[in-house]
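Q: Below is final_5.cif; it holds mmCIF, C-alpha atoms.
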```cif
data_structure
loop_
_atom_site.label_atom_id
_atom_site.label_comp_id
_atom_site.auth_asym_id
_atom_site.auth_seq_id
_atom_site.Cartn_x
_atom_site.Cartn_y
_atom_site.Cartn_z
CA MET A 1 -34.68 -13.47 -5.60
CA GLY A 2 -35.44 -12.71 -9.22
CA ALA A 3 -38.11 -14.44 -11.26
CA ASN A 4 -35.62 -16.97 -12.68
CA ALA A 5 -33.82 -17.78 -9.42
CA GLN A 6 -33.99 -21.35 -8.19
CA THR A 7 -32.84 -23.28 -5.16
CA SER A 8 -32.24 -26.72 -6.69
CA VAL A 9 -31.23 -28.32 -9.96
CA PRO A 10 -33.49 -31.35 -10.41
CA ALA A 11 -32.36 -34.57 -12.04
CA PHE A 12 -35.20 -35.72 -14.31
CA THR A 13 -35.96 -39.39 -14.89
CA ALA A 14 -37.24 -41.23 -17.95
CA GLY A 15 -41.00 -40.86 -18.39
CA GLN A 16 -41.28 -38.05 -15.86
CA VAL A 17 -43.87 -35.38 -16.66
CA LEU A 18 -42.38 -31.94 -16.10
CA THR A 19 -44.36 -29.19 -14.46
CA ALA A 20 -44.65 -25.72 -15.97
CA ALA A 21 -42.26 -24.37 -13.30
CA GLN A 22 -39.68 -27.02 -14.14
CA MET A 23 -39.93 -26.23 -17.84
CA THR A 24 -39.46 -22.53 -17.09
CA GLN A 25 -36.25 -23.33 -15.20
CA VAL A 26 -34.99 -25.46 -18.08
CA ASN A 27 -35.72 -22.69 -20.55
CA THR A 28 -33.48 -20.22 -18.70
CA GLY A 29 -30.50 -22.25 -19.98
CA VAL A 30 -28.05 -21.51 -17.17
CA PRO A 31 -29.43 -22.12 -13.63
CA VAL A 32 -29.93 -18.83 -11.79
CA PHE A 33 -29.28 -18.51 -8.04
CA ALA A 34 -29.62 -15.64 -5.61
CA SER A 35 -26.07 -16.19 -4.31
CA SER A 36 -23.37 -18.83 -3.95
CA THR A 37 -25.16 -20.14 -0.85
CA GLU A 38 -28.20 -21.23 -2.85
CA ARG A 39 -25.94 -22.46 -5.66
CA ASP A 40 -23.95 -24.75 -3.35
CA ALA A 41 -27.11 -26.16 -1.77
CA ALA A 42 -28.73 -26.91 -5.14
CA PHE A 43 -26.68 -29.96 -6.10
CA GLY A 44 -26.40 -33.48 -4.71
CA GLY A 45 -29.60 -33.65 -2.67
CA THR A 46 -32.52 -35.99 -3.18
CA GLY A 47 -33.77 -35.63 -6.73
CA GLU A 48 -31.01 -33.14 -7.61
CA LYS A 49 -28.18 -33.32 -10.10
CA THR A 50 -24.71 -34.24 -8.87
CA LEU A 51 -22.32 -31.35 -9.30
CA ALA A 52 -19.85 -32.20 -12.08
CA GLU A 53 -17.30 -30.52 -14.30
CA GLY A 54 -18.88 -28.26 -16.90
CA GLN A 55 -21.88 -27.17 -14.81
CA MET A 56 -22.83 -23.49 -15.29
CA ALA A 57 -24.48 -21.09 -12.86
CA TYR A 58 -25.47 -17.42 -12.71
CA LEU A 59 -25.35 -15.50 -9.39
CA GLU A 60 -27.75 -12.59 -8.98
CA ASP A 61 -25.88 -10.90 -6.11
CA THR A 62 -22.65 -10.51 -8.12
CA ASN A 63 -24.14 -10.55 -11.66
CA GLU A 64 -21.61 -13.23 -12.54
CA THR A 65 -21.74 -16.33 -14.75
CA GLN A 66 -19.63 -19.18 -13.39
CA TYR A 67 -18.51 -22.65 -14.41
CA TYR A 68 -17.45 -25.63 -12.30
CA ASP A 69 -14.03 -27.01 -13.29
CA GLY A 70 -14.33 -30.26 -11.33
CA SER A 71 -12.96 -28.86 -8.07
CA SER A 72 -14.17 -25.26 -7.69
CA TRP A 73 -16.30 -22.53 -9.25
CA ALA A 74 -14.68 -19.85 -11.41
CA ALA A 75 -15.98 -16.86 -13.32
CA VAL A 76 -16.50 -17.33 -17.04
CA GLY A 77 -13.70 -15.54 -18.88
CA GLN A 78 -11.46 -15.52 -15.80
CA ALA A 79 -8.29 -16.55 -17.59
CA GLY A 80 -4.89 -16.27 -15.97
CA GLY A 81 -3.31 -12.84 -15.79
CA LYS A 82 -6.54 -10.82 -15.67
CA ILE A 83 -6.91 -7.93 -13.24
CA LEU A 84 -9.75 -8.71 -10.84
CA GLN A 85 -9.67 -5.79 -8.40
CA VAL A 86 -7.57 -2.76 -7.49
CA VAL A 87 -7.21 -1.11 -4.07
CA SER A 88 -5.10 2.02 -3.65
CA THR A 89 -4.27 4.36 -0.78
CA ALA A 90 -2.77 7.82 -1.25
CA LYS A 91 -1.16 9.45 1.79
CA THR A 92 -1.23 13.21 1.31
CA ASP A 93 -0.12 14.31 4.79
CA THR A 94 3.38 14.02 6.21
CA PHE A 95 4.91 11.44 8.50
CA SER A 96 8.12 11.32 10.48
CA ALA A 97 9.78 8.83 12.81
CA SER A 98 13.02 8.86 14.77
CA VAL A 99 14.37 5.38 14.15
CA ALA A 100 17.35 3.95 16.01
CA SER A 101 19.85 1.88 14.05
CA GLY A 102 18.46 -1.52 13.12
CA ASN A 103 14.90 -0.64 14.09
CA PHE A 104 11.62 -0.31 12.19
CA SER A 105 8.70 2.12 12.27
CA ALA A 106 5.35 1.51 10.59
CA VAL A 107 4.25 4.39 8.37
CA THR A 108 0.86 5.50 9.65
CA GLY A 109 -1.89 5.80 7.04
CA LEU A 110 -0.06 4.04 4.22
CA SER A 111 -1.70 0.62 3.87
CA ALA A 112 -4.17 -1.14 1.59
CA SER A 113 -6.38 -4.17 2.32
CA ILE A 114 -7.61 -6.65 -0.26
CA THR A 115 -9.54 -9.94 -0.13
CA PRO A 116 -8.38 -12.33 -2.89
CA ALA A 117 -11.10 -14.25 -4.73
CA SER A 118 -8.88 -17.35 -4.96
CA ALA A 119 -5.93 -18.61 -2.93
CA SER A 120 -4.05 -19.23 -6.19
CA ASN A 121 -4.29 -15.61 -7.34
CA LYS A 122 -1.39 -13.15 -7.11
CA ILE A 123 -1.29 -9.66 -5.59
CA LEU A 124 0.75 -7.01 -7.40
CA VAL A 125 1.99 -4.48 -4.83
CA THR A 126 3.28 -1.08 -5.96
CA THR A 127 4.71 1.55 -3.62
CA HIS A 128 5.73 5.12 -4.46
CA LEU A 129 7.33 6.94 -1.52
CA HIS A 130 8.79 10.44 -1.19
CA LEU A 131 11.45 10.30 1.51
CA SER A 132 13.98 12.52 3.24
CA SER A 133 16.25 12.21 6.26
CA SER A 134 17.63 14.42 9.00
CA ILE A 135 21.13 13.18 8.10
CA ALA A 136 22.91 15.09 5.33
CA ALA A 137 24.02 11.93 3.55
CA GLY A 138 20.45 10.63 3.59
CA THR A 139 20.20 7.02 4.58
CA GLY A 140 17.26 4.77 5.28
CA SER A 141 15.09 2.15 3.68
CA TYR A 142 11.67 0.56 3.82
CA ARG A 143 10.08 -2.81 3.47
CA ILE A 144 6.65 -3.96 2.31
CA MET A 145 4.65 -5.85 4.92
CA ARG A 146 1.87 -8.41 4.39
CA GLY A 147 0.29 -8.29 7.82
CA ALA A 148 3.24 -8.97 10.12
CA THR A 149 5.31 -10.65 7.39
CA PRO A 150 7.91 -8.79 5.28
CA VAL A 151 7.50 -9.48 1.55
CA GLY A 152 9.43 -8.36 -1.48
CA VAL A 153 12.73 -8.11 0.40
CA GLY A 154 16.29 -9.13 -0.46
CA ASP A 155 17.95 -12.40 0.53
CA LEU A 156 19.36 -12.88 4.01
CA ALA A 157 23.10 -12.14 3.90
CA GLY A 158 24.90 -11.99 7.23
CA SER A 159 23.86 -9.00 9.35
CA ARG A 160 22.56 -7.03 6.37
CA GLY A 161 18.98 -5.80 6.58
CA GLN A 162 16.42 -7.45 4.29
CA GLN A 163 14.58 -4.52 2.71
CA THR A 164 12.41 -3.71 -0.28
CA ALA A 165 14.15 -0.46 -1.28
CA ALA A 166 16.81 1.86 0.10
CA LEU A 167 18.34 5.29 -0.37
CA ASN A 168 21.96 5.90 0.54
CA ASN A 169 24.66 8.50 -0.07
CA TRP A 170 22.12 10.83 -1.62
CA ASP A 171 22.64 14.56 -1.15
CA ASN A 172 20.29 15.91 1.48
CA GLU A 173 22.24 19.11 2.21
CA ASN A 174 19.34 21.23 0.92
CA GLY A 175 16.59 19.06 2.36
CA ASP A 176 16.06 17.19 -0.89
CA ILE A 177 13.26 14.67 -1.26
CA ALA A 178 13.99 11.33 -2.90
CA ASN A 179 11.36 9.33 -4.79
CA VAL A 180 11.72 5.60 -4.13
CA SER A 181 9.36 3.25 -5.97
CA MET A 182 9.04 -0.52 -6.06
CA THR A 183 6.74 -3.19 -7.54
CA PHE A 184 6.45 -6.74 -6.21
CA LEU A 185 4.22 -9.67 -7.21
CA ASP A 186 3.16 -11.47 -4.03
CA SER A 187 1.54 -14.90 -3.53
CA PRO A 188 -0.48 -14.62 -0.29
CA ALA A 189 -2.19 -18.02 -0.81
CA THR A 190 -5.36 -16.96 1.01
CA THR A 191 -8.93 -15.79 0.49
CA SER A 192 -8.94 -13.82 3.75
CA ALA A 193 -8.69 -10.05 3.97
CA THR A 194 -4.99 -9.16 3.63
CA THR A 195 -3.38 -5.83 4.52
CA TYR A 196 -0.21 -4.53 2.89
CA SER A 197 1.71 -1.68 4.51
CA VAL A 198 5.12 0.00 4.68
CA GLU A 199 7.76 0.14 7.44
CA PHE A 200 10.73 2.52 7.66
CA TYR A 201 14.10 1.00 8.58
CA ASN A 202 17.30 2.74 9.69
CA TYR A 203 20.63 1.11 8.95
CA TYR A 204 22.71 4.19 9.87
CA THR A 205 24.94 3.23 12.78
CA ILE A 206 25.53 6.69 14.32
CA GLY A 207 22.76 8.40 16.27
CA THR A 208 19.06 8.19 15.68
CA PRO A 209 18.06 10.04 12.51
CA THR A 210 14.53 11.14 11.71
CA LEU A 211 13.06 9.76 8.51
CA TYR A 212 10.38 11.82 6.75
CA LEU A 213 7.60 11.05 4.29
CA ASN A 214 6.07 13.65 1.94
CA ARG A 215 8.31 16.49 3.14
CA SER A 216 11.91 17.59 3.07
CA PHE A 217 14.13 17.60 6.14
CA GLY A 218 14.05 21.42 6.41
CA ASP A 219 10.40 21.67 5.28
CA ASP A 220 10.86 25.41 4.64
CA ASN A 221 7.62 27.33 4.07
CA ILE A 222 8.71 28.89 0.77
CA SER A 223 7.24 29.06 -2.70
CA PHE A 224 9.57 26.45 -4.17
CA GLY A 225 9.05 24.04 -1.29
CA VAL A 226 6.93 20.99 -2.07
CA ARG A 227 4.55 18.61 -0.35
CA PRO A 228 4.26 15.46 -2.52
CA ILE A 229 2.15 12.36 -1.90
CA SER A 230 3.02 8.70 -1.39
CA THR A 231 0.91 5.74 -2.49
CA ILE A 232 0.48 2.01 -2.07
CA THR A 233 -1.58 0.05 -4.61
CA VAL A 234 -2.54 -3.63 -4.51
CA ILE A 235 -3.94 -5.42 -7.57
CA GLU A 236 -5.39 -8.93 -7.60
CA VAL A 237 -4.27 -10.88 -10.69
CA SER A 238 -5.94 -14.17 -11.59
CA ALA A 239 -3.73 -17.26 -11.61
#
```
Any chance you could give the structure as structure tokens?
A:
Amino acid sequence: MGANAQTSVPAFTAGQVLTAAQMTQVNTGVPVFASSTERDAAFGGTGEKTLAEGQMAYLEDTNETQYYDGSSWAAVGQAGGKILQVVSTAKTDTFSASVASGNFSAVTGLSASITPASASNKILVTTHLHLSSSIAAGTGSYRIMRGATPVGVGDLAGSRGQQTAALNNWDNENGDIANVSMTFLDSPATTSATTYSVEFYNYYTIGTPTLYLNRSFGDDNISFGVRPISTITVIEVSA
């Protein structure tokens, strides 16, 4: 702990003579604590202040000034809509999966994990995928997953697949690569570590096509052939 850190916030009484140490704590202005553990233990005990709306605190481990709003602690200046953290994964190698009609395949190596600071905060999920298919009239789609739960997908409508984005009737005769990008604002309602990922889906009803990431169907080793990247980015936005 630093020189100003304390483990309690005393409640002084009329006529009480303050010690030099107590005066030093008062002179720091905002109570300083080593971490939220010491902060939470510093209020409500014998001879301590009762935690109430408007109380301030500084945490040494996160270098953060906080205020108590009557129900929880929040960072000073943490107004709604602010970006709190960004986690991004770039997949630079290729991936392929033979996917039967109506089935899914998780894309290996394309996920991002984030731990929200508040259950009321939002997570902005952005995916940029470079896709191709073994079928000339390229067909396939993908969905964003939060753990085992699909998010950012279309409404249920009969037997139609609920997906985030799709490519269909796009010319793949020359092994073309399609860029498919989506952005979705999710509400995970948790402060636990949360992983977002991507799953391929095949809605082609004939055969079992192979869906590719970061390469063309032919993948010819020629000078004008390309090997792009695909990314997933998750951004915590304050409520």
Q: Could you tell me which of A:Thr115, A:Ser36, A:Lys91, A:Gly102 comes closest to Ala74 (chain A) if we count all atoms listed in the file?
A: A:Ser36
Q: What does the PyMOL selection byres ((chain A and resi 105) around 10) select in this file, as JSON, numbers by chain?
A: {"A": [96, 97, 98, 99, 100, 103, 104, 106, 107, 108, 142, 198, 199, 200, 201, 202, 211]}
Q: Which residue is closest to Val226 (chain A)? Choose from A:Asn214, A:Thr65, A:Leu110, A:Thr190 and count all atoms listed in the file.
A: A:Asn214
Q: I need the output of the PyMOL selection byres ((chain A and resi 193) around 9) for this file as a ChimeraX atom specification; which residues are they?
A: /A:113-116,190-192,194-195
Q: Put those residues in a file: C-alpha atoms, as a short mmCIF file (atom, residue, chain, number, x, y, z; two decimals), in the coordinates of the input.
A:
```cif
data_model
loop_
_atom_site.label_atom_id
_atom_site.label_comp_id
_atom_site.auth_asym_id
_atom_site.auth_seq_id
_atom_site.Cartn_x
_atom_site.Cartn_y
_atom_site.Cartn_z
CA SER A 113 -6.38 -4.17 2.32
CA ILE A 114 -7.61 -6.65 -0.26
CA THR A 115 -9.54 -9.94 -0.13
CA PRO A 116 -8.38 -12.33 -2.89
CA THR A 190 -5.36 -16.96 1.01
CA THR A 191 -8.93 -15.79 0.49
CA SER A 192 -8.94 -13.82 3.75
CA THR A 194 -4.99 -9.16 3.63
CA THR A 195 -3.38 -5.83 4.52
#
```
Q: Take the point (-28.2, -16.9, -11.9) as written in the file and pick out every residue within 8 Å of it, counting all atoms listed in the file; give the list as a PyMOL selection string.
A: chain A and resi 4-5+30-35+57-60+63-65
Q: Just want the 10 Å neighbourhood of Pro150 (chain A), counted on all atoms listed in the file, with same-chain residues fewer than 2 positions away dropped. Output as a PyMOL selection string.
A: chain A and resi 143-148+152-153+162-164+196-199
Q: Can I get the selection written as a PDB file, in the frame of the given file, with C-alpha atoms?
A:
```
ATOM      1  CA  ARG A 143      10.080  -2.810   3.470  1.00  0.00           C
ATOM      2  CA  ILE A 144       6.650  -3.960   2.310  1.00  0.00           C
ATOM      3  CA  MET A 145       4.650  -5.850   4.920  1.00  0.00           C
ATOM      4  CA  ARG A 146       1.870  -8.410   4.390  1.00  0.00           C
ATOM      5  CA  GLY A 147       0.290  -8.290   7.820  1.00  0.00           C
ATOM      6  CA  ALA A 148       3.240  -8.970  10.120  1.00  0.00           C
ATOM      7  CA  GLY A 152       9.430  -8.360  -1.480  1.00  0.00           C
ATOM      8  CA  VAL A 153      12.730  -8.110   0.400  1.00  0.00           C
ATOM      9  CA  GLN A 162      16.420  -7.450   4.290  1.00  0.00           C
ATOM     10  CA  GLN A 163      14.580  -4.520   2.710  1.00  0.00           C
ATOM     11  CA  THR A 164      12.410  -3.710  -0.280  1.00  0.00           C
ATOM     12  CA  TYR A 196      -0.210  -4.530   2.890  1.00  0.00           C
ATOM     13  CA  SER A 197       1.710  -1.680   4.510  1.00  0.00           C
ATOM     14  CA  VAL A 198       5.120   0.000   4.680  1.00  0.00           C
ATOM     15  CA  GLU A 199       7.760   0.140   7.440  1.00  0.00           C
TER      16      GLU A 199
END
```
Q: Just the number, please: distance in Å from CA of Phe43 (chain A) to CA of Pro10 (chain A), one decimal.
A: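 Value for the CA of Phe43 (chain A)-CA of Pro10 (chain A) distance: 8.2 Å.
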Q: Calculate how many Å separate CA of His128 (chain A) from CA of Val151 (chain A), rounding to one decimal.
A: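 CA of Val151 (chain A) lies at a distance of 15.9 Å from CA of His128 (chain A).
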Q: Which of these, A:Ile177, A:Val125, A:Ala11, A:Val76, has the shortest distance to Thr46 (chain A) once you count all atoms listed in the file?
A: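 For Thr46 (chain A), the nearest of the given residues is A:Ala11.
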Q: In Å to one decimal, how far is CA of His130 (chain A) from CA of Ile83 (chain A)?
A: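 So the answer is 27.0 Å.
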Q: Scan for residues within 7 Å of the point (-3.3, -16.7, -10.6) in the coordinates of the file, using only C-alpha atoms, and reply as a list of chain:residue names.
A: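 Residues satisfying the cut-off, written out: A:Gly80, A:Gly81, A:Ser120, A:Asn121, A:Lys122, A:Val237, A:Ser238, A:Ala239.
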Q: Centre and edge lengths, as lines of an AutoDock Vina configuration file, for the axis-aligned box enclosing every listed atom of region 81-86 of chain A with 5 Å of padding on each of the six sides, in Å to one decimal?
A:
```
center_x = -6.5
center_y = -7.8
center_z = -11.6
size_x = 16.4
size_y = 20.1
size_z = 18.3
```
Q: Within 7 Å of Val87 (chain A), counting only C-alpha atoms, which residues show up once you throw out same-chain ones fewer than 6 positions away? Write them as a ChimeraX atom specification, please.
A: /A:112,114,233-235
Q: Which one of A:Ala41, A:Glu48, A:Asp219, A:Ser118 sits closest to Ala75 (chain A) if you count only C-alpha atoms?
A: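 Nearest candidate to Ala75 (chain A) out of A:Ala41, A:Glu48, A:Asp219, A:Ser118: A:Ser118.
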Q: Show which residues sit within 8 Å of Tyr68 (chain A), as a list in words. Count only C-alpha atoms, and ignore same-chain residues fewer than 3 positions away.
A: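 Skipping anything fewer than 3 positions along the chain leaves Ala52, Glu53, Gly54, Gln55, Met56, Ser71, Ser72, Trp73 and Ala74 of chain A.
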Q: Name the closest residue to Ser216 (chain A) among the candidates A:Thr89, A:Ser111, A:Thr7, A:Thr94; distances are taken between atoms, counting all atoms listed in the file.
A: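 That would be A:Thr94, the residue with the smallest distance to Ser216 (chain A).
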Q: Which residues, named as in the file, does the PyMOL selection byres ((chain A and resi 225) around 12) pick out? Answer as a list in words.
A: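 So the PyMOL selection byres ((chain A and resi 225) around 12), applied here, picks out Asn174, Gly175, Asp176, Ile177, Asn214, Arg215, Ser216, Phe217, Gly218, Asp219, Asp220, Asn221, Ile222, Ser223, Phe224, Val226, Arg227 and Pro228 of chain A.
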